[in-house]
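Enquirer: Handing over my_file-v1.cif, mmCIF, C-alpha atoms.
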```cif
data_input
#
loop_
_atom_site.group_PDB
_atom_site.id
_atom_site.type_symbol
_atom_site.label_atom_id
_atom_site.label_comp_id
_atom_site.auth_asym_id
_atom_site.auth_seq_id
_atom_site.Cartn_x
_atom_site.Cartn_y
_atom_site.Cartn_z
ATOM 1 C CA MET A 1 26.051 0.447 6.283
ATOM 2 C CA ALA A 2 29.433 1.936 7.262
ATOM 3 C CA GLU A 3 28.343 2.663 10.835
ATOM 4 C CA ARG A 4 26.940 -0.832 11.316
ATOM 5 C CA TYR A 5 30.053 -2.384 9.773
ATOM 6 C CA CYS A 6 32.349 -0.404 12.074
ATOM 7 C CA ALA A 7 30.262 -1.337 15.111
ATOM 8 C CA LYS A 8 30.360 -5.025 14.194
ATOM 9 C CA TYR A 9 34.135 -5.074 13.716
ATOM 10 C CA GLY A 10 34.912 -2.592 16.496
ATOM 11 C CA ILE A 11 36.779 -0.139 14.286
ATOM 12 C CA PRO A 12 36.582 3.661 14.158
ATOM 13 C CA GLY A 13 34.708 5.176 11.208
ATOM 14 C CA GLU A 14 37.830 6.619 9.618
ATOM 15 C CA LYS A 15 39.213 3.077 9.169
ATOM 16 C CA PHE A 16 36.093 1.779 7.384
ATOM 17 C CA MET A 17 37.383 2.240 3.834
ATOM 18 C CA ARG A 18 40.750 0.618 4.415
ATOM 19 C CA HIS A 19 39.319 -2.257 6.460
ATOM 20 C CA ILE A 20 36.550 -3.219 4.036
ATOM 21 C CA ARG A 21 38.795 -2.718 0.996
ATOM 22 C CA ARG A 22 41.318 -5.191 2.426
ATOM 23 C CA LYS A 23 38.529 -7.742 2.962
ATOM 24 C CA ALA A 24 36.910 -7.130 -0.449
ATOM 25 C CA LEU A 25 40.059 -7.204 -2.603
ATOM 26 C CA TYR A 26 40.711 -10.430 -4.432
ATOM 27 C CA PRO A 27 43.233 -12.366 -2.302
ATOM 28 C CA HIS A 28 45.979 -12.242 -4.939
ATOM 29 C CA ALA A 29 45.449 -8.486 -5.336
ATOM 30 C CA ARG A 30 46.199 -7.687 -1.681
ATOM 31 C CA PHE A 31 49.933 -7.855 -2.298
ATOM 32 C CA ILE A 32 50.086 -6.339 -5.779
ATOM 33 C CA VAL A 33 47.679 -3.392 -5.503
ATOM 34 C CA PRO A 34 49.820 -1.448 -2.971
ATOM 35 C CA VAL A 35 52.696 -1.526 -5.486
ATOM 36 C CA LEU A 36 50.393 -0.302 -8.273
ATOM 37 C CA VAL A 37 49.231 2.556 -6.036
ATOM 38 C CA LEU A 38 52.862 3.650 -5.610
ATOM 39 C CA PHE A 39 53.103 4.168 -9.367
ATOM 40 C CA ASN A 40 49.553 5.417 -9.892
ATOM 41 C CA GLY A 41 47.991 7.094 -6.863
ATOM 42 C CA ASP A 42 44.539 7.000 -8.504
ATOM 43 C CA TYR A 43 44.612 3.258 -9.180
ATOM 44 C CA LEU A 44 41.993 2.608 -6.477
ATOM 45 C CA ALA A 45 39.627 5.428 -7.558
ATOM 46 C CA ALA A 46 36.888 3.055 -8.792
ATOM 47 C CA ASP A 47 37.259 0.813 -5.740
ATOM 48 C CA ASN A 48 37.146 3.768 -3.342
ATOM 49 C CA ASP A 49 34.041 5.214 -5.021
ATOM 50 C CA PHE A 50 32.382 1.784 -4.822
ATOM 51 C CA ILE A 51 33.238 1.457 -1.131
ATOM 52 C CA GLU A 52 31.902 4.963 -0.434
ATOM 53 C CA ASP A 53 28.640 4.067 -2.212
ATOM 54 C CA VAL A 54 28.340 0.807 -0.307
ATOM 55 C CA GLY A 55 29.058 2.604 2.964
ATOM 56 C CA GLN A 56 26.001 4.819 2.403
ATOM 57 C CA ILE A 57 23.436 2.127 1.580
ATOM 58 C CA THR A 58 20.823 1.315 4.190
ATOM 59 C CA THR A 59 19.261 -1.835 2.726
ATOM 60 C CA TYR A 60 20.665 -4.882 0.993
ATOM 61 C CA GLY A 61 18.461 -4.100 -2.018
ATOM 62 C CA GLU A 62 20.440 -0.922 -2.710
ATOM 63 C CA PHE A 63 23.659 -2.897 -3.196
ATOM 64 C CA SER A 64 22.967 -3.862 -6.813
ATOM 65 C CA ALA A 65 22.839 -0.203 -7.894
ATOM 66 C CA SER A 66 26.275 0.332 -6.338
ATOM 67 C CA VAL A 67 27.602 -2.682 -8.234
ATOM 68 C CA VAL A 68 26.313 -1.335 -11.555
ATOM 69 C CA GLU A 69 27.991 2.014 -10.908
ATOM 70 C CA PHE A 70 31.239 0.219 -10.060
ATOM 71 C CA ILE A 71 31.148 -1.967 -13.175
ATOM 72 C CA TYR A 72 30.683 1.050 -15.434
ATOM 73 C CA HIS A 73 33.017 3.387 -13.520
ATOM 74 C CA PRO A 74 35.408 5.051 -16.007
ATOM 75 C CA ALA A 75 38.437 4.110 -13.888
ATOM 76 C CA ASN A 76 37.385 0.455 -13.675
ATOM 77 C CA ASP A 77 38.842 -0.565 -17.010
ATOM 78 C CA GLY A 78 41.986 -2.079 -18.395
ATOM 79 C CA PHE A 79 43.863 -5.340 -18.420
ATOM 80 C CA ARG A 80 45.005 -5.219 -14.776
ATOM 81 C CA ARG A 81 41.523 -4.590 -13.437
ATOM 82 C CA ARG A 82 39.373 -6.664 -15.829
ATOM 83 C CA ILE A 83 41.601 -9.642 -16.658
ATOM 84 C CA LEU A 84 44.036 -9.852 -13.728
ATOM 85 C CA ARG A 85 41.317 -8.763 -11.278
ATOM 86 C CA LEU A 86 43.574 -6.411 -9.353
ATOM 87 C CA ARG A 87 40.572 -4.734 -7.761
ATOM 88 C CA VAL A 88 37.770 -5.156 -5.258
ATOM 89 C CA SER A 89 35.592 -8.202 -5.849
ATOM 90 C CA THR A 90 31.871 -7.437 -6.083
ATOM 91 C CA GLU A 91 31.077 -10.948 -4.850
ATOM 92 C CA ARG A 92 33.317 -10.589 -1.800
ATOM 93 C CA MET A 93 31.729 -7.188 -1.137
ATOM 94 C CA ARG A 94 28.254 -8.686 -1.518
ATOM 95 C CA LYS A 95 29.062 -11.250 1.166
ATOM 96 C CA LEU A 96 30.316 -8.519 3.505
ATOM 97 C CA VAL A 97 27.208 -6.405 2.921
ATOM 98 C CA LYS A 98 24.947 -9.414 3.459
ATOM 99 C CA GLN A 99 26.533 -9.949 6.889
ATOM 100 C CA ILE A 100 25.647 -6.397 7.906
ATOM 101 C CA LEU A 101 22.345 -5.744 6.106
ATOM 102 C CA PRO A 102 19.651 -8.417 5.927
ATOM 103 C CA ASP A 103 18.186 -9.621 2.649
ATOM 104 C CA PRO A 104 15.000 -7.807 1.704
ATOM 105 C CA LYS A 105 11.867 -9.780 2.410
ATOM 106 C CA VAL A 106 8.851 -9.520 0.175
ATOM 107 C CA ALA A 107 6.142 -8.110 2.401
ATOM 108 C CA ARG A 108 2.660 -9.371 1.734
ATOM 109 C CA SER A 109 -0.379 -7.957 3.466
ATOM 110 C CA ASP A 110 -3.662 -9.814 3.876
ATOM 111 C CA ASP A 111 -5.377 -7.712 1.210
ATOM 112 C CA ASP A 112 -2.791 -8.528 -1.483
ATOM 113 C CA GLN A 113 -3.944 -10.870 -4.180
ATOM 114 C CA GLY A 114 -1.869 -13.257 -6.193
ATOM 115 C CA THR A 115 1.692 -14.456 -6.127
ATOM 116 C CA MET A 116 4.286 -11.838 -5.284
ATOM 117 C CA SER A 117 7.282 -11.251 -7.488
ATOM 118 C CA PRO A 118 10.667 -10.395 -5.953
ATOM 119 C CA HIS A 119 9.845 -6.711 -6.515
ATOM 120 C CA GLY A 120 6.619 -6.798 -4.502
ATOM 121 C CA ILE A 121 4.283 -6.689 -7.522
ATOM 122 C CA ALA A 122 1.477 -9.199 -7.759
ATOM 123 C CA ALA A 123 2.072 -11.610 -10.612
ATOM 124 C CA LYS A 124 -0.648 -11.592 -13.268
ATOM 125 C CA ASP A 125 -1.832 -14.236 -15.654
ATOM 126 C CA GLN A 126 -0.457 -13.362 -19.100
ATOM 127 C CA ASP A 127 -3.653 -14.351 -20.898
ATOM 128 C CA SER A 128 -6.336 -12.763 -18.732
ATOM 129 C CA GLY A 129 -4.332 -10.082 -16.906
ATOM 130 C CA SER A 130 -5.963 -11.061 -13.607
ATOM 131 C CA PRO A 131 -3.911 -11.771 -10.462
ATOM 132 C CA ILE A 132 -2.648 -15.331 -10.053
ATOM 133 C CA THR A 133 -4.151 -16.919 -6.960
ATOM 134 C CA SER A 134 -2.581 -19.674 -4.962
#
```
The structure given in the file should be rewritten as structure tokens.

Expert:
Amino acid sequence: MAERYCAKYGIPGEKFMRHIRRKALYPHARFIVPVLVLFNGDYLAADNDFIEDVGQITTYGEFSASVVEFIYHPANDGFRRRILRLRVSTERMRKLVKQILPDPKVARSDDDQGTMSPHGIAAKDQDSGSPITS
């Protein structure tokens, strides 16, 4: 994702983290977070790990796993991050990722039977266990 992002915005790879972090931070956090970093150099550890994870994904479907890791990151805790939201926004990041990586499409071949779930598994009737046909 990082390479595609950099190509789209015309930035060198080494500026990826800073560029996407600025876009993904909550708007009110853009002015306050730099001050917090002066006092605590590791303040952005959870955000930076999240951005690194997102930079390595190759499909939009992989994004949710990165979000879960970010939510449960040990450094992503506390009043400033949880309540004041002085951090990267997962929703803003999702929108950025969606611009670069397309949504996954449920592929259905001619030999598939039944209705497809979002995970590509044929839906089955709960009573009979047979595939649901359209």

Enquirer: Could you name the residues that touch A:Ala75 at 12 Å or less, counting all atoms listed in the file, but leaving out those on the same chain fewer than 4 positions away, as a compact mmCIF listing (two decimals) with C-alpha atoms, in the coordinates of the input?

Expert:
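Once written, selection14.txt looks like this:
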```txt
# COMPACT_ATOMS: atom_id res chain seq x y z
CA ASN A 40 49.55 5.42 -9.89
CA ASP A 42 44.54 7.00 -8.50
CA TYR A 43 44.61 3.26 -9.18
CA LEU A 44 41.99 2.61 -6.48
CA ALA A 45 39.63 5.43 -7.56
CA ALA A 46 36.89 3.06 -8.79
CA ASP A 47 37.26 0.81 -5.74
CA ASN A 48 37.15 3.77 -3.34
CA ASP A 49 34.04 5.21 -5.02
CA PHE A 50 32.38 1.78 -4.82
CA GLU A 69 27.99 2.01 -10.91
CA PHE A 70 31.24 0.22 -10.06
CA ILE A 71 31.15 -1.97 -13.18
CA PHE A 79 43.86 -5.34 -18.42
CA ARG A 80 45.00 -5.22 -14.78
CA ARG A 81 41.52 -4.59 -13.44
CA ARG A 82 39.37 -6.66 -15.83
CA ARG A 87 40.57 -4.73 -7.76
```

Enquirer: Around (30.1, -0.3, 10.6), as given in the file, which residues come within 12 Å? Count all atoms listed in the file and list them as a compact mmCIF listing (two decimals) with C-alpha atoms, in the frame of the given file.

Expert:
```
# COMPACT_ATOMS: atom_id res chain seq x y z
CA MET A 1 26.05 0.45 6.28
CA ALA A 2 29.43 1.94 7.26
CA GLU A 3 28.34 2.66 10.84
CA ARG A 4 26.94 -0.83 11.32
CA TYR A 5 30.05 -2.38 9.77
CA CYS A 6 32.35 -0.40 12.07
CA ALA A 7 30.26 -1.34 15.11
CA LYS A 8 30.36 -5.03 14.19
CA TYR A 9 34.14 -5.07 13.72
CA GLY A 10 34.91 -2.59 16.50
CA ILE A 11 36.78 -0.14 14.29
CA PRO A 12 36.58 3.66 14.16
CA GLY A 13 34.71 5.18 11.21
CA GLU A 14 37.83 6.62 9.62
CA LYS A 15 39.21 3.08 9.17
CA PHE A 16 36.09 1.78 7.38
CA MET A 17 37.38 2.24 3.83
CA HIS A 19 39.32 -2.26 6.46
CA ILE A 20 36.55 -3.22 4.04
CA VAL A 54 28.34 0.81 -0.31
CA GLY A 55 29.06 2.60 2.96
CA GLN A 56 26.00 4.82 2.40
CA ILE A 57 23.44 2.13 1.58
CA THR A 58 20.82 1.32 4.19
CA LEU A 96 30.32 -8.52 3.50
CA VAL A 97 27.21 -6.40 2.92
CA GLN A 99 26.53 -9.95 6.89
CA ILE A 100 25.65 -6.40 7.91
CA LEU A 101 22.34 -5.74 6.11
```

Enquirer: Take every atom of stretch 39-44 of chain A listed in the file, pad by 8 Å on each side, and give me the axis-aligned box centre and edge lengths in Å, one decimal, as lines of an AutoDock Vina configuration file.

Expert:
```
center_x = 47.5
center_y = 4.9
center_z = -8.2
size_x = 27.1
size_y = 20.5
size_z = 19.4
```

Enquirer: Out of A:Lys23, A:Phe63, A:Arg18, A:Ile51, which residue has the shortest atom-to-atom distance to A:Pro102 when counting only C-alpha atoms?

Expert: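 The shortest atom-to-atom distance to A:Pro102 comes from A:Phe63.
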
Enquirer: Atom CA of A:Asp53 and atom CA of A:Ser66, how far apart in Å?

Expert: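 Taking atom CA of A:Ser66 as the start and atom CA of A:Asp53 as the end point, the length is 6.0 Å.
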
Enquirer: Could you tell me how far atom CA of A:Arg21 lies from atom CA of A:Gly78, in Å and to one decimal?

Expert: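 That distance, rounded to one decimal, is 19.7 Å.
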
Enquirer: Work out how far apart atom CA of A:Val88 and atom CA of A:Pro27 are and give it in Å to one decimal.

Expert: 9.5 Å

Enquirer: With distances taken over all atoms listed in the file, which of A:Ala65, A:Ile83, A:Val37, A:Met93 is nearest to A:Arg22?

Expert: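 Among the listed residues, A:Met93 lies closest to A:Arg22.
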
Enquirer: Smallest atom-to-atom distance to A:Arg94: which of A:Asn76, A:Thr59, A:Ala24, A:Val68, using only C-alpha atoms?

Expert: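 Among A:Asn76, A:Thr59, A:Ala24, A:Val68, it is A:Ala24 that comes nearest to A:Arg94.
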
Enquirer: Looking at A:Glu52, A:Leu38, A:Ile32, A:Tyr60, which one is nearest to A:Leu84, with distances taken over only C-alpha atoms?

Expert: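 That would be A:Ile32, the residue with the smallest distance to A:Leu84.
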
Enquirer: May I ask which of the residues A:Tyr72, A:Lys95, A:Leu86, A:Gly61 is the closest one to A:Phe31, counting all atoms listed in the file?

Expert: A:Leu86

Enquirer: Supply stretch 32-66 of chain A as an mmCIF file, keeping the file's coordinate frame, with N, CA and C atoms built in where the input has gaps.

Expert:
```
data_model
loop_
_atom_site.group_PDB
_atom_site.id
_atom_site.type_symbol
_atom_site.label_atom_id
_atom_site.label_comp_id
_atom_site.auth_asym_id
_atom_site.auth_seq_id
_atom_site.Cartn_x
_atom_site.Cartn_y
_atom_site.Cartn_z
ATOM 1 N N ILE A 32 49.663 -7.040 -4.567
ATOM 2 C CA ILE A 32 50.086 -6.339 -5.779
ATOM 3 C C ILE A 32 49.541 -4.914 -5.848
ATOM 4 N N VAL A 33 48.312 -4.704 -5.404
ATOM 5 C CA VAL A 33 47.679 -3.392 -5.503
ATOM 6 C C VAL A 33 48.478 -2.294 -4.797
ATOM 7 N N PRO A 34 49.020 -2.517 -3.590
ATOM 8 C CA PRO A 34 49.820 -1.448 -2.971
ATOM 9 C C PRO A 34 50.997 -0.983 -3.831
ATOM 10 N N VAL A 35 51.598 -1.891 -4.587
ATOM 11 C CA VAL A 35 52.696 -1.526 -5.486
ATOM 12 C C VAL A 35 52.151 -0.684 -6.643
ATOM 13 N N LEU A 36 50.998 -1.067 -7.176
ATOM 14 C CA LEU A 36 50.393 -0.302 -8.273
ATOM 15 C C LEU A 36 50.027 1.113 -7.810
ATOM 16 N N VAL A 37 49.592 1.241 -6.576
ATOM 17 C CA VAL A 37 49.231 2.556 -6.036
ATOM 18 C C VAL A 37 50.464 3.451 -5.927
ATOM 19 N N LEU A 38 51.621 2.861 -5.663
ATOM 20 C CA LEU A 38 52.862 3.650 -5.610
ATOM 21 C C LEU A 38 53.152 4.324 -6.945
ATOM 22 N N PHE A 39 52.849 3.636 -8.026
ATOM 23 C CA PHE A 39 53.103 4.168 -9.367
ATOM 24 C C PHE A 39 51.949 5.001 -9.912
ATOM 25 N N ASN A 40 50.742 4.693 -9.443
ATOM 26 C CA ASN A 40 49.553 5.417 -9.892
ATOM 27 C C ASN A 40 48.653 5.624 -8.676
ATOM 28 N N GLY A 41 48.741 6.795 -8.077
ATOM 29 C CA GLY A 41 47.991 7.094 -6.863
ATOM 30 C C GLY A 41 46.485 6.992 -7.016
ATOM 31 N N ASP A 42 45.979 7.083 -8.249
ATOM 32 C CA ASP A 42 44.539 7.000 -8.504
ATOM 33 C C ASP A 42 44.081 5.592 -8.881
ATOM 34 N N TYR A 43 44.956 4.612 -8.746
ATOM 35 C CA TYR A 43 44.612 3.258 -9.180
ATOM 36 C C TYR A 43 43.346 2.740 -8.480
ATOM 37 N N LEU A 44 43.143 3.107 -7.233
ATOM 38 C CA LEU A 44 41.993 2.608 -6.477
ATOM 39 C C LEU A 44 40.766 3.523 -6.548
ATOM 40 N N ALA A 45 40.740 4.475 -7.478
ATOM 41 C CA ALA A 45 39.627 5.428 -7.558
ATOM 42 C C ALA A 45 38.273 4.727 -7.698
ATOM 43 N N ALA A 46 38.165 3.766 -8.595
ATOM 44 C CA ALA A 46 36.888 3.055 -8.792
ATOM 45 C C ALA A 46 36.517 2.261 -7.542
ATOM 46 N N ASP A 47 37.505 1.605 -6.945
ATOM 47 C CA ASP A 47 37.259 0.813 -5.740
ATOM 48 C C ASP A 47 36.805 1.717 -4.593
ATOM 49 N N ASN A 48 37.489 2.852 -4.424
ATOM 50 C CA ASN A 48 37.146 3.768 -3.342
ATOM 51 C C ASN A 48 35.752 4.366 -3.529
ATOM 52 N N ASP A 49 35.390 4.705 -4.761
ATOM 53 C CA ASP A 49 34.041 5.214 -5.021
ATOM 54 C C ASP A 49 32.996 4.141 -4.723
ATOM 55 N N PHE A 50 33.280 2.911 -5.093
ATOM 56 C CA PHE A 50 32.382 1.784 -4.822
ATOM 57 C C PHE A 50 32.204 1.604 -3.314
ATOM 58 N N ILE A 51 33.304 1.638 -2.581
ATOM 59 C CA ILE A 51 33.238 1.457 -1.131
ATOM 60 C C ILE A 51 32.465 2.605 -0.484
ATOM 61 N N GLU A 52 32.668 3.824 -0.958
ATOM 62 C CA GLU A 52 31.902 4.963 -0.434
ATOM 63 C C GLU A 52 30.411 4.778 -0.684
ATOM 64 N N ASP A 53 30.053 4.334 -1.898
ATOM 65 C CA ASP A 53 28.640 4.067 -2.212
ATOM 66 C C ASP A 53 28.071 2.996 -1.296
ATOM 67 N N VAL A 54 28.793 1.910 -1.148
ATOM 68 C CA VAL A 54 28.340 0.807 -0.307
ATOM 69 C C VAL A 54 28.212 1.264 1.150
ATOM 70 N N GLY A 55 29.115 2.101 1.599
ATOM 71 C CA GLY A 55 29.058 2.604 2.964
ATOM 72 C C GLY A 55 27.814 3.423 3.257
ATOM 73 N N GLN A 56 27.181 3.968 2.224
ATOM 74 C CA GLN A 56 26.001 4.819 2.403
ATOM 75 C C GLN A 56 24.677 4.075 2.262
ATOM 76 N N ILE A 57 24.701 2.837 1.772
ATOM 77 C CA ILE A 57 23.436 2.127 1.580
ATOM 78 C C ILE A 57 22.834 1.760 2.932
ATOM 79 N N THR A 58 21.520 1.649 2.949
ATOM 80 C CA THR A 58 20.823 1.315 4.190
ATOM 81 C C THR A 58 20.069 -0.004 4.112
ATOM 82 N N THR A 59 19.906 -0.535 2.890
ATOM 83 C CA THR A 59 19.261 -1.835 2.726
ATOM 84 C C THR A 59 20.073 -2.678 1.742
ATOM 85 N N TYR A 60 19.942 -3.971 1.886
ATOM 86 C CA TYR A 60 20.665 -4.882 0.993
ATOM 87 C C TYR A 60 20.235 -4.673 -0.454
ATOM 88 N N GLY A 61 18.996 -4.310 -0.669
ATOM 89 C CA GLY A 61 18.461 -4.100 -2.018
ATOM 90 C C GLY A 61 19.162 -2.983 -2.780
ATOM 91 N N GLU A 62 19.747 -2.036 -2.070
ATOM 92 C CA GLU A 62 20.440 -0.922 -2.710
ATOM 93 C C GLU A 62 21.824 -1.323 -3.240
ATOM 94 N N PHE A 63 22.314 -2.472 -2.826
ATOM 95 C CA PHE A 63 23.659 -2.897 -3.196
ATOM 96 C C PHE A 63 23.833 -3.065 -4.702
ATOM 97 N N SER A 64 22.829 -3.601 -5.378
ATOM 98 C CA SER A 64 22.967 -3.862 -6.813
ATOM 99 C C SER A 64 23.200 -2.582 -7.612
ATOM 100 N N ALA A 65 22.610 -1.482 -7.196
ATOM 101 C CA ALA A 65 22.839 -0.203 -7.894
ATOM 102 C C ALA A 65 24.294 0.234 -7.735
ATOM 103 N N SER A 66 24.865 0.002 -6.562
ATOM 104 C CA SER A 66 26.275 0.332 -6.338
ATOM 105 C C SER A 66 27.179 -0.523 -7.215
#
```
